[in-house]
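Have a look at entry.txt below; it lists compact mmCIF, C-alpha atoms.
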# COMPACT_ATOMS: atom_id res chain seq x y z
CA MET A 1 -3.96 -38.77 6.22
CA GLU A 2 -3.53 -37.62 2.66
CA ARG A 3 -6.92 -37.57 1.12
CA THR A 4 -8.09 -36.16 -2.18
CA LEU A 5 -11.65 -35.27 -3.01
CA SER A 6 -13.07 -34.77 -6.47
CA HIS A 7 -14.71 -31.50 -7.44
CA ASP A 8 -18.17 -33.04 -7.03
CA GLU A 9 -17.34 -34.50 -3.64
CA VAL A 10 -16.06 -31.13 -2.47
CA ALA A 11 -19.07 -29.30 -3.88
CA GLU A 12 -21.42 -31.56 -1.92
CA LEU A 13 -19.55 -30.76 1.28
CA LEU A 14 -19.38 -26.98 0.85
CA GLY A 15 -22.44 -26.29 2.99
CA ALA A 16 -21.13 -28.42 5.84
CA TYR A 17 -17.68 -26.89 5.40
CA ALA A 18 -19.11 -23.39 5.76
CA LEU A 19 -20.52 -24.53 9.10
CA ASP A 20 -17.16 -26.03 10.19
CA ALA A 21 -19.02 -29.34 10.23
CA VAL A 22 -16.73 -31.62 8.25
CA GLU A 23 -14.14 -34.06 9.58
CA SER A 24 -10.61 -32.72 9.81
CA ASP A 25 -9.22 -34.88 6.99
CA GLU A 26 -12.05 -33.69 4.77
CA ALA A 27 -11.40 -30.09 5.76
CA ALA A 28 -7.79 -30.39 4.60
CA ALA A 29 -8.81 -31.92 1.27
CA ILE A 30 -11.48 -29.26 0.74
CA ALA A 31 -9.05 -26.45 1.55
CA ALA A 32 -6.62 -27.86 -1.00
CA HIS A 33 -9.31 -28.03 -3.67
CA LEU A 34 -10.48 -24.48 -2.92
CA GLU A 35 -7.06 -23.11 -3.75
CA THR A 36 -7.48 -24.09 -7.35
CA CYS A 37 -11.26 -23.96 -7.85
CA PRO A 38 -12.80 -20.51 -8.19
CA ARG A 39 -16.28 -22.00 -8.56
CA CYS A 40 -16.13 -23.74 -5.19
CA SER A 41 -14.48 -20.70 -3.58
CA ALA A 42 -17.31 -18.51 -4.80
CA GLU A 43 -19.97 -20.90 -3.53
CA LEU A 44 -18.26 -21.12 -0.15
CA ALA A 45 -18.12 -17.33 0.12
CA GLU A 46 -21.87 -17.20 -0.51
CA HIS A 47 -22.59 -19.83 2.12
CA ARG A 48 -20.45 -18.03 4.67
CA GLU A 49 -22.23 -14.77 4.04
CA VAL A 50 -25.58 -16.42 4.73
CA VAL A 51 -24.24 -18.23 7.76
CA GLY A 52 -22.91 -14.95 9.13
CA MET A 53 -26.42 -13.55 8.93
CA ILE A 54 -28.28 -16.36 10.63
CA ALA A 55 -25.73 -16.21 13.41
CA ASN A 56 -26.29 -12.53 13.84
CA ALA A 57 -27.64 -12.71 17.35
CA GLY A 58 -25.49 -10.05 18.87
CA GLY A 59 -26.33 -7.63 21.58
CA ASP A 60 -23.81 -4.98 22.50
CA ALA A 61 -20.19 -5.96 22.62
CA PRO A 62 -19.11 -6.52 26.24
CA VAL A 63 -17.16 -3.44 27.33
CA GLU A 64 -14.94 -5.18 29.87
CA LEU A 65 -13.82 -7.60 27.19
CA TRP A 66 -12.57 -4.68 25.12
CA ASP A 67 -10.29 -3.67 27.97
CA ARG A 68 -8.69 -7.09 27.85
CA ILE A 69 -8.26 -6.90 24.09
CA ALA A 70 -6.73 -3.44 24.34
CA GLN A 71 -4.20 -4.72 26.84
CA GLN A 72 -3.29 -7.65 24.68
CA ILE A 73 -2.63 -5.67 21.53
CA GLN A 74 -0.11 -3.43 23.25
CA PRO A 75 1.61 -5.55 25.85
CA PRO A 76 4.15 -4.10 28.25
CA GLY A 77 7.51 -3.84 26.53
CA ALA A 78 5.98 -3.29 23.12
CA PRO A 79 8.09 -4.43 20.17
CA PRO A 80 10.81 -1.97 19.23
CA ASP A 81 9.41 -1.31 15.78
CA ARG A 82 6.53 0.61 17.28
CA ARG A 83 8.77 3.07 19.03
CA PRO A 84 10.05 6.37 17.73
CA ALA A 85 13.70 6.35 16.85
CA GLY A 86 16.03 7.32 19.62
CA VAL A 87 13.34 7.38 22.24
CA ALA A 88 13.71 5.38 25.41
CA PRO A 89 11.37 2.43 25.82
CA PRO A 90 7.96 3.66 26.87
CA THR A 91 6.65 3.02 30.32
CA PRO A 92 4.58 -0.12 30.02
CA LEU A 93 1.12 0.10 28.51
CA ALA A 94 -0.06 3.61 29.09
CA GLY A 95 3.07 5.18 27.68
CA ALA A 96 3.03 3.29 24.43
CA ARG A 97 -0.63 3.70 23.82
CA ARG A 98 -0.98 7.31 24.80
CA ARG A 99 1.83 8.38 22.56
CA ARG A 100 0.18 6.78 19.59
CA ARG A 101 -3.13 8.37 20.41
CA THR A 102 -1.69 11.83 20.69
CA GLY A 103 -0.01 11.23 17.41
CA ARG A 104 3.64 11.87 17.94
CA ALA A 105 5.09 8.43 17.32
CA VAL A 106 6.90 8.52 14.06
CA ALA A 107 9.66 6.29 12.85
CA ALA A 108 10.47 2.67 13.30
CA VAL A 109 13.85 1.32 14.12
CA ALA A 110 14.88 -2.09 15.31
CA ALA A 111 18.22 -3.36 16.43
CA GLY A 112 20.42 -5.76 14.56
CA ALA A 113 20.16 -7.16 11.09
CA ALA A 114 16.42 -6.73 10.90
CA ALA A 115 16.69 -3.00 11.41
CA ALA A 116 17.06 -1.95 7.81
CA VAL A 117 14.25 -4.13 6.63
CA ILE A 118 11.84 -3.14 9.31
CA ALA A 119 12.69 0.49 8.85
CA LEU A 120 11.77 0.24 5.19
CA LEU A 121 8.26 -0.85 5.99
CA GLY A 122 8.31 0.84 9.32
CA VAL A 123 5.34 2.24 11.01
CA GLN A 124 4.78 5.90 10.93
CA VAL A 125 1.59 6.68 12.65
CA GLY A 126 0.56 9.86 14.29
CA ARG A 127 1.16 12.84 12.10
CA LEU A 128 0.66 10.70 9.05
CA ASP A 129 -2.85 9.82 10.12
CA ASN A 130 -4.37 12.87 8.54
CA ARG A 131 -2.87 12.41 5.16
CA VAL A 132 -3.45 8.67 5.12
CA GLY A 133 -7.04 9.13 6.14
CA GLN A 134 -7.49 11.45 3.21
CA LEU A 135 -5.78 8.99 0.93
CA ALA A 136 -8.03 6.17 1.98
CA ALA A 137 -11.06 8.40 1.62
CA ALA A 138 -9.93 9.51 -1.81
CA ALA A 139 -9.45 5.94 -2.89
CA GLN A 140 -12.92 5.12 -1.79
CA HIS A 141 -14.99 8.03 -2.93
CA THR A 142 -13.41 9.54 -5.98
CA GLY A 143 -11.75 6.61 -7.61
CA LEU A 144 -8.15 5.75 -7.47
CA SER A 145 -6.41 8.34 -9.53
CA GLN A 146 -6.25 11.08 -6.89
CA ALA A 147 -4.95 8.68 -4.31
CA VAL A 148 -2.38 7.35 -6.72
CA GLN A 149 -1.26 10.88 -7.55
CA ALA A 150 -0.93 11.65 -3.87
CA ALA A 151 1.15 8.52 -3.44
CA PHE A 152 3.39 9.53 -6.34
CA LEU A 153 3.91 12.90 -4.73
CA ALA A 154 4.61 11.52 -1.29
CA THR A 155 8.25 12.07 -0.40
CA ASP A 156 8.35 9.30 2.14
CA LYS A 157 7.14 6.50 -0.10
CA ARG A 158 9.15 3.40 -0.91
CA THR A 159 9.25 2.49 -4.59
CA VAL A 160 9.90 -1.10 -5.60
CA THR A 161 10.28 -2.04 -9.25
CA LEU A 162 9.20 -5.50 -10.33
CA ALA A 163 10.91 -6.83 -13.43
CA ASP A 164 9.97 -9.71 -15.67
CA ARG A 165 12.33 -12.60 -16.39
CA SER A 166 14.19 -10.65 -19.05
CA GLY A 167 14.78 -7.83 -16.61
CA THR A 168 12.30 -5.42 -18.21
CA PRO A 169 10.32 -3.36 -15.67
CA ALA A 170 6.80 -4.81 -15.40
CA ALA A 171 5.32 -2.73 -12.59
CA ASP A 172 6.17 -0.39 -9.73
CA LEU A 173 4.96 -0.65 -6.16
CA LEU A 174 4.47 2.60 -4.26
CA ILE A 175 4.44 1.82 -0.56
CA LEU A 176 3.61 4.52 1.94
CA PRO A 177 4.95 4.32 5.48
CA ASP A 178 1.51 3.54 6.89
CA GLY A 179 1.16 0.42 4.79
CA SER A 180 -1.17 1.71 2.10
CA ALA A 181 0.28 1.02 -1.31
CA PHE A 182 -0.40 0.95 -5.04
CA VAL A 183 0.70 -1.07 -8.02
CA VAL A 184 1.37 1.40 -10.86
CA ASN A 185 3.10 1.59 -14.25
CA VAL A 186 1.84 -1.90 -14.97
CA HIS A 187 3.07 -3.59 -18.12
CA LEU A 188 1.53 -7.02 -17.77
CA ARG A 189 -0.32 -8.59 -20.67
CA ALA A 190 -4.08 -9.17 -20.22
CA LEU A 191 -5.00 -12.66 -19.05
CA PRO A 192 -8.07 -14.77 -19.91
CA ALA A 193 -11.08 -14.07 -17.69
CA ASP A 194 -10.52 -17.17 -15.57
CA ARG A 195 -7.02 -16.07 -14.54
CA THR A 196 -5.75 -13.28 -12.34
CA TYR A 197 -2.48 -11.71 -11.35
CA GLN A 198 -1.72 -12.07 -7.66
CA LEU A 199 0.75 -9.99 -5.69
CA TRP A 200 2.92 -11.54 -2.99
CA ALA A 201 5.29 -10.32 -0.32
CA PHE A 202 7.98 -12.60 1.04
CA ALA A 203 8.45 -12.26 4.76
CA GLY A 204 11.04 -14.56 6.20
CA GLY A 205 10.98 -16.57 2.98
CA ARG A 206 7.25 -17.23 3.22
CA PRO A 207 4.84 -15.84 0.62
CA VAL A 208 2.03 -13.67 1.94
CA SER A 209 -0.73 -12.69 -0.47
CA LEU A 210 -1.13 -8.94 -0.80
CA GLY A 211 -4.14 -9.26 -3.04
CA LEU A 212 -5.47 -9.97 -6.49
CA LEU A 213 -4.66 -7.54 -9.28
CA GLY A 214 -7.27 -8.81 -11.73
CA ASN A 215 -6.66 -10.13 -15.23
CA HIS A 216 -5.80 -6.75 -16.74
CA PRO A 217 -4.32 -4.61 -13.99
CA VAL A 218 -3.87 -0.87 -14.27
CA ASP A 219 -3.50 0.94 -10.93
CA VAL A 220 -4.41 -1.30 -8.02
CA PRO A 221 -4.42 -0.38 -4.32
CA PHE A 222 -3.25 -2.82 -1.69
CA THR A 223 -2.11 -2.81 1.91
CA VAL A 224 1.14 -3.93 3.45
CA ASN A 225 1.14 -4.81 7.11
CA PRO A 226 3.75 -2.35 8.32
CA THR A 227 4.79 -4.71 11.11
CA VAL A 228 5.72 -7.50 8.74
CA ALA A 229 9.26 -7.32 7.47
CA ALA A 230 8.55 -8.04 3.81
CA THR A 231 11.79 -7.87 1.89
CA THR A 232 10.77 -8.86 -1.61
CA PHE A 233 7.70 -8.87 -3.80
CA ALA A 234 6.50 -10.91 -6.73
CA VAL A 235 3.53 -11.31 -9.08
CA THR A 236 2.23 -14.68 -10.23
CA THR A 237 -0.63 -15.68 -12.51
CA GLU A 238 -3.28 -17.73 -10.74
CA PRO A 239 -6.84 -18.95 -11.24
CA ALA A 240 -9.42 -16.17 -10.85
CA GLY A 241 -10.34 -16.02 -7.17
CA GLY A 242 -6.73 -16.38 -6.18
CA VAL A 243 -4.83 -18.96 -4.21
CA VAL A 244 -3.40 -19.26 -0.72
CA ALA A 245 0.15 -19.93 -1.89
CA PRO A 246 1.72 -19.31 -5.31
CA THR A 247 1.19 -22.18 -7.73
CA SER A 248 3.49 -20.87 -10.45
CA ALA A 249 6.79 -19.11 -10.89
CA PRO A 250 6.60 -15.31 -10.69
CA VAL A 251 6.05 -13.40 -13.93
CA ALA A 252 7.54 -10.35 -12.28
CA ALA A 253 9.57 -9.90 -9.13
CA SER A 254 11.58 -7.38 -7.17
CA PRO A 255 15.34 -7.77 -7.02
CA GLY A 256 16.27 -10.50 -4.58
CA ALA A 257 13.04 -12.46 -4.95
CA VAL A 258 13.31 -16.19 -5.48
CA MET B 1 -8.85 12.61 10.10
CA LEU B 2 -10.67 9.36 9.60
CA LYS B 3 -14.12 9.70 11.10
CA LEU B 4 -14.45 6.36 12.79
CA ASP B 5 -18.17 6.24 13.33
CA THR B 6 -18.91 6.80 9.66
CA ALA B 7 -15.91 5.00 8.17
CA SER B 8 -16.53 1.87 6.14
CA ASP B 9 -15.41 -1.44 7.55
CA ALA B 10 -12.75 -1.60 4.85
CA ALA B 11 -11.40 1.80 5.88
CA LEU B 12 -11.34 0.65 9.49
CA VAL B 13 -9.17 -2.29 8.54
CA VAL B 14 -6.78 0.00 6.67
CA ALA B 15 -6.52 2.08 9.84
CA ILE B 16 -6.03 -1.07 11.91
CA ALA B 17 -3.15 -2.01 9.63
CA ARG B 18 -1.64 1.35 10.60
CA LEU B 19 -1.87 0.33 14.26
CA HIS B 20 -4.63 2.83 14.91
CA GLU B 21 -6.14 1.43 18.06
CA PRO B 22 -9.40 3.42 17.98
CA ALA B 23 -10.18 1.76 14.65
CA LEU B 24 -10.00 -1.66 16.27
CA ALA B 25 -12.19 -0.35 19.07
CA GLU B 26 -14.75 0.76 16.49
CA ALA B 27 -14.62 -2.61 14.72
CA TYR B 28 -15.17 -4.23 18.09
CA ARG B 29 -18.10 -1.93 18.82
CA ARG B 30 -19.72 -2.85 15.52
CA HIS B 31 -19.11 -6.57 15.44
CA GLY B 32 -17.94 -7.65 18.90
CA GLY B 33 -21.46 -8.29 20.12
CA ALA B 34 -22.27 -10.66 17.26
CA VAL B 35 -18.93 -12.43 17.52
CA HIS B 36 -19.32 -12.88 21.26
CA ALA B 37 -22.92 -14.04 21.00
CA LEU B 38 -22.00 -16.65 18.40
CA ALA B 39 -19.10 -17.96 20.49
CA ARG B 40 -21.36 -18.05 23.52
CA ARG B 41 -24.04 -19.88 21.59
CA VAL B 42 -21.61 -22.55 20.39
CA LEU B 43 -19.52 -22.89 23.53
CA GLY B 44 -21.98 -22.28 26.34
CA ALA B 45 -19.34 -21.31 28.88
CA PRO B 46 -18.92 -17.52 29.12
CA SER B 47 -15.20 -17.74 29.85
CA LEU B 48 -14.55 -19.76 26.70
CA ALA B 49 -16.67 -17.42 24.60
CA GLU B 50 -14.71 -14.45 25.86
CA GLU B 51 -11.44 -16.15 25.01
CA VAL B 52 -12.60 -16.76 21.45
CA THR B 53 -13.85 -13.19 21.03
CA GLN B 54 -10.58 -11.85 22.33
CA GLU B 55 -8.56 -14.06 19.99
CA VAL B 56 -10.60 -12.99 16.97
CA PHE B 57 -10.01 -9.28 17.52
CA VAL B 58 -6.37 -9.63 18.56
CA ASP B 59 -5.84 -11.62 15.39
CA LEU B 60 -7.49 -8.88 13.33
CA TRP B 61 -5.04 -6.45 14.93
CA ASN B 62 -2.02 -8.63 14.25
CA ASN B 63 -3.00 -9.82 10.77
CA PRO B 64 -5.31 -7.23 9.18
CA GLN B 65 -4.09 -8.23 5.71
CA ARG B 66 -5.94 -11.51 6.02
CA PHE B 67 -9.18 -9.62 5.52
CA ASP B 68 -9.78 -9.02 1.83
CA PRO B 69 -12.66 -6.58 1.36
CA GLY B 70 -13.05 -7.82 -2.20
CA ARG B 71 -14.09 -11.20 -0.93
CA GLY B 72 -16.79 -10.36 1.56
CA ALA B 73 -17.91 -8.25 4.47
CA LEU B 74 -15.84 -7.80 7.63
CA ARG B 75 -18.71 -9.20 9.67
CA THR B 76 -18.68 -12.41 7.64
CA PHE B 77 -14.90 -12.66 8.00
CA LEU B 78 -15.02 -12.23 11.77
CA MET B 79 -17.95 -14.60 12.23
CA THR B 80 -16.18 -17.26 10.16
CA LYS B 81 -13.07 -16.92 12.31
CA ALA B 82 -15.07 -16.94 15.52
CA HIS B 83 -17.02 -20.04 14.58
CA GLY B 84 -13.91 -21.91 13.48
CA ARG B 85 -12.17 -21.14 16.74
CA ALA B 86 -15.23 -21.94 18.80
CA VAL B 87 -15.59 -25.32 17.12
CA ASP B 88 -11.89 -26.06 17.58
CA THR B 89 -12.27 -25.29 21.26
CA LEU B 90 -15.41 -27.37 21.48
CA ARG B 91 -13.77 -30.36 19.90
CA SER B 92 -10.71 -30.24 22.10
CA GLU B 93 -10.94 -32.59 25.01
CA THR B 94 -9.86 -30.15 27.66
CA ALA B 95 -12.63 -27.82 26.77
CA ARG B 96 -15.12 -30.65 26.68
CA ARG B 97 -14.14 -31.55 30.23
CA ARG B 98 -14.25 -28.01 31.45
CA ARG B 99 -17.68 -27.61 29.98
CA GLU B 100 -19.02 -30.80 31.43
CA GLU B 101 -17.65 -29.95 34.83
CA ALA B 102 -19.23 -26.56 34.72
CA GLY B 103 -22.47 -28.12 33.55
CA LEU B 104 -23.08 -25.11 31.40
CA ARG B 105 -23.90 -26.76 28.12
CA GLU B 106 -27.48 -27.18 27.14
CA THR B 107 -28.59 -30.59 26.01
CA ALA B 108 -28.77 -31.07 22.30
CA SER B 109 -32.53 -31.29 22.16
CA SER B 110 -33.21 -28.01 23.91
CA GLY B 111 -31.00 -25.74 21.89
CA TYR B 112 -32.85 -24.92 18.70
CA ASP B 113 -34.09 -21.53 19.55
CA ILE B 114 -32.57 -19.14 17.09
CA GLU B 115 -35.83 -17.34 16.59
CA HIS B 116 -35.72 -16.32 20.24
CA LEU B 117 -32.41 -14.56 20.05
CA ALA B 118 -32.06 -10.84 19.80
CA TRP B 119 -31.50 -9.86 16.21
CA ASP B 120 -29.79 -7.00 14.54
CA LEU B 121 -32.82 -4.78 14.15
CA ALA B 122 -32.29 -3.74 10.56
CA ILE B 123 -32.58 -7.25 9.16
CA ALA B 124 -34.09 -9.13 12.05
CA GLU B 125 -37.50 -9.76 10.60
CA GLN B 126 -36.32 -10.87 7.19
CA VAL B 127 -33.72 -13.25 8.52
CA LYS B 128 -36.20 -14.72 10.97
CA GLU B 129 -38.74 -15.14 8.22
CA ALA B 130 -36.22 -16.79 5.93
CA VAL B 131 -35.06 -19.17 8.64
CA THR B 132 -38.59 -20.17 9.65
CA SER B 133 -39.54 -20.68 6.03
CA LEU B 134 -36.91 -23.40 5.63
CA PRO B 135 -38.11 -26.98 5.50
CA ALA B 136 -37.79 -28.31 9.05
CA ASP B 137 -35.24 -31.00 8.22
CA GLU B 138 -32.91 -28.51 6.53
CA ARG B 139 -33.21 -26.07 9.37
CA THR B 140 -32.57 -28.74 11.98
CA ALA B 141 -29.47 -29.99 10.18
CA ILE B 142 -28.05 -26.47 9.86
CA GLU B 143 -28.75 -25.56 13.46
CA MET B 144 -27.34 -28.75 14.91
CA ALA B 145 -24.17 -28.40 12.89
CA TYR B 146 -23.68 -24.68 13.34
CA PHE B 147 -24.86 -23.87 16.82
CA ASP B 148 -23.93 -27.14 18.48
CA GLY B 149 -20.63 -27.49 16.64
CA ARG B 150 -21.38 -31.01 15.40
CA THR B 151 -20.04 -32.49 12.20
CA TYR B 152 -22.50 -33.55 9.54
CA ARG B 153 -21.66 -37.16 10.40
CA GLU B 154 -22.59 -36.63 14.01
CA VAL B 155 -25.80 -34.92 12.94
CA ALA B 156 -26.60 -37.85 10.65
CA SER B 157 -26.02 -40.35 13.40
CA ILE B 158 -28.09 -38.42 15.94
CA LEU B 159 -30.97 -38.05 13.50
CA GLY B 160 -30.58 -41.60 12.17
CA GLN B 161 -30.32 -40.30 8.60
CA PRO B 162 -27.82 -41.06 5.83
CA GLU B 163 -24.76 -38.78 5.79
CA GLY B 164 -25.37 -37.85 2.18
CA THR B 165 -28.86 -36.66 3.06
CA VAL B 166 -27.58 -34.42 5.82
CA LYS B 167 -24.84 -33.00 3.59
CA SER B 168 -27.29 -31.99 0.92
CA ARG B 169 -29.85 -30.68 3.40
CA ILE B 170 -27.26 -28.32 4.80
CA ARG B 171 -26.15 -27.16 1.37
CA ASN B 172 -29.64 -26.80 -0.02
CA GLY B 173 -30.84 -25.06 3.13
CA LEU B 174 -28.07 -22.47 2.89
CA ARG B 175 -28.86 -21.86 -0.77
CA ARG B 176 -32.54 -21.51 0.01
CA LEU B 177 -31.75 -19.03 2.77
CA ARG B 178 -29.62 -17.00 0.42
CA THR B 179 -32.36 -16.80 -2.16
CA ALA B 180 -34.93 -15.87 0.45
CA LEU B 181 -32.70 -13.17 1.93
CA ALA B 182 -31.80 -11.78 -1.47
CA GLN B 183 -35.49 -11.45 -2.29
CA HIS B 184 -35.81 -9.25 0.77
CA GLY B 185 -32.80 -7.20 -0.29
CA VAL B 186 -30.86 -8.27 2.76
CA GLU B 187 -27.71 -9.48 1.11
CA THR B 188 -25.82 -6.23 1.02
CA ALA B 189 -26.78 -5.09 4.49
CA TRP B 190 -23.23 -5.14 5.83
CA ASN B 191 -21.35 -4.34 2.71
CA GLU B 192 -22.67 -0.84 2.47
CA ARG B 193 -21.46 0.27 5.84
Can you give me the file's structure in the form of structure tokens?
Amino acid sequence: MERTLSHDEVAELLGAYALDAVESDEAAAIAAHLETCPRCSAELAEHREVVGMIANAGGDAPVELWDRIAQQIQPPGAPPDRRPAGVAPPTPLAGARRRRRTGRAVAAVAAGAAAAVIALLGVQVGRLDNRVGQLAAAAQHTGLSQAVQAAFLATDKRTVTLADRSGTPAADLLILPDGSAFVVNVHLRALPADRTYQLWAFAGGRPVSLGLLGNHPVDVPFTVNPTVAATTFAVTTEPAGGVVAPTSAPVAASPGAV
Amino acid sequence: MLKLDTASDAALVVAIARLHEPALAEAYRRHGGAVHALARRVLGAPSLAEEVTQEVFVDLWNNPQRFDPGRGALRTFLMTKAHGRAVDTLRSETARRRREEAGLRETASSGYDIEHLAWDLAIAEQVKEAVTSLPADERTAIEMAYFDGRTYREVASILGQPEGTVKSRIRNGLRRLRTALAQHGVETAWNER
């Protein structure tokens, strides 16, 4: 059911789309249009914000439901990448969760070929919490520079250099073990106002957006999901507002990226 | 240490990305009630609403990077997810059967009661005022689509109105609501958390 809708047709449907009230073939066509139309994306975001408010009929969150959620996010036999290196598998549930709460879980190691990759982005919670909390706070309250400096000074960061097509360094990624990260040393030319740079990670060959860098990036914070084994990174230029999947070849990429 | 009760939603999501379970608990405390109430309102059956709520928060845990604080509030993000999942459930046949068997769904004509629901106190009055100030046909179209999970075509057929009319009533109604809420200074209520 390939169906294409014009900009005007999509625009007329944006209200209904925000309410999940379009037919499924229309939804697919609208989603495709949104990837390339910042104007429609912006209008949709506004509608959704309003919709979120009129729906705001909440009482307290049901407590017993939280217990079920908590169980589901840390199932018995938790994945190996959440376990400290060299430690025997935790006793189901309580073991895994309590150790994280008391803050002693540190490194991440997995068996087999994935081990190296996962270890690179591995989870280090616990003792890092303090420092990361301060980093996040610094980023929020006093601007970026302090947080970036702290990231530069961190001994446990991973640095990834992105190079342009001629091999000249275009930017560095500083990735901290907890997943907070920064794009620094950016040498990317300024783009027109209706374009943006977008940063991608490739996990299992699939691009995952890590965020928009703006049309004239300097130091930009982003977050890497520490549980996703992202091996390579790339930057593309996209319409302002960003896209769900890259629409152009990377202008800068880490070694090994396609 | 991150102080959870005063942390911004964006900071909570950063902590969630670090697998910090108390941060997810705090996000649930803040937004779980609204998410659950919406799912309940759309689906009727408590068990289905709980499933949707659970999925929404487990998904936030597994894929925190899907939330982009630059593009809207966490509440909006979660409510969008919850509504999408609720509607998917509603439109699946199994669920329809389960619901009918349980006899839990209200009839379409009795459901338009959003002004009777319990509102988030800080913005309750303004939102209520904005909603009641909508022209009745816009409000009806929005409520039938959103709370009953109907498509605009279904709404048009139920009301015996052209599809194009219903489409534009929904869109215009949402725009009107936005303007009305902005005039009351409501728009940033969740962003400043």
Problem set entry | Ala171 in chain A surroundings by all atoms listed in the file, 12 Å radius, close-in-sequence under 4 positions cut, as a list in words |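 The neighbour list is Thr159, Val160, Thr161, Leu162, Ala163, Asp164, Gly167, Phe182, Val183, Val184, Asn185, Val186, His187, Leu188, Arg189, Tyr197, Leu199, Leu213, Pro217, Val218, Asp219, Val220, Phe233, Ala234, Val235, Val251, Ala252, Ala253 and Ser254 of chain A.
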Exercise. Quick one: distance from CA of Ala170 in chain A to CA of Pro250 in chain A in Å, one decimal?
Worked result: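 These two atoms are separated by 11.5 Å.
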Problem set entry | Residue with smallest distance to chain B - pool A:Leu44, A:Ile54, A:Ala27, A:Ala32, counting only C-alpha atoms |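 Once distances to chain B are computed over only C-alpha atoms, the minimum belongs to A:Ile54.
Interatomic distance, CA of His47 in chain A to CA of Val14 in chain B: 25.8 Å.
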For this session: Do a neighbour search on Arg85 in chain B at 9 Å with all atoms listed in the file, toss out local chain neighbours closer than 5 positions, and write the hits as a list in words.
Result: Ala39, Val52, Glu55, Val56, Thr80 and Leu90 of chain B
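CA of Ala37 in chain B to CA of Leu19 in chain A spans 16.0 Å [interatomic distance, one decimal].
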Seminar exercise, completed: Counting only C-alpha atoms, the residue among A:Ser248, A:Asn215, A:Ser6, A:Gly242 that lies closest to Gly70 in chain B is A:Gly242
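The shortest atom-to-atom distance to chain A, with only C-alpha atoms taken into account, belongs to B:Ala34 out of B:Ala182, B:Ile142, B:Ala10, B:Ala34.
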For this session: Determine the nearest neighbour of chain A from the options B:Thr89, B:Met79, B:Met144, B:Glu138, counting all atoms listed in the file.
Result: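 Going through B:Thr89, B:Met79, B:Met144, B:Glu138 one by one, the smallest distance to chain A is for B:Met79.
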Edge lengths and centre in Å to one decimal, as lines of an AutoDock Vina configuration file, of the axis-aligned box that encloses all listed atoms of range 152-169 of chain B with 5 Å added on every side?
center_x = -26.3
center_y = -36.1
center_z = 8.4
size_x = 19.3
size_y = 20.9
size_z = 25.0
Problem set entry | Within 12 Å of Pro135 in chain B using only C-alpha atoms, minus same-chain residues under 5 positions, as a list in words | Ala130, Thr140, Ala141, Ile142, Arg169, Ile170, Asn172, Gly173, Leu174, Arg176 and Leu177 of chain B
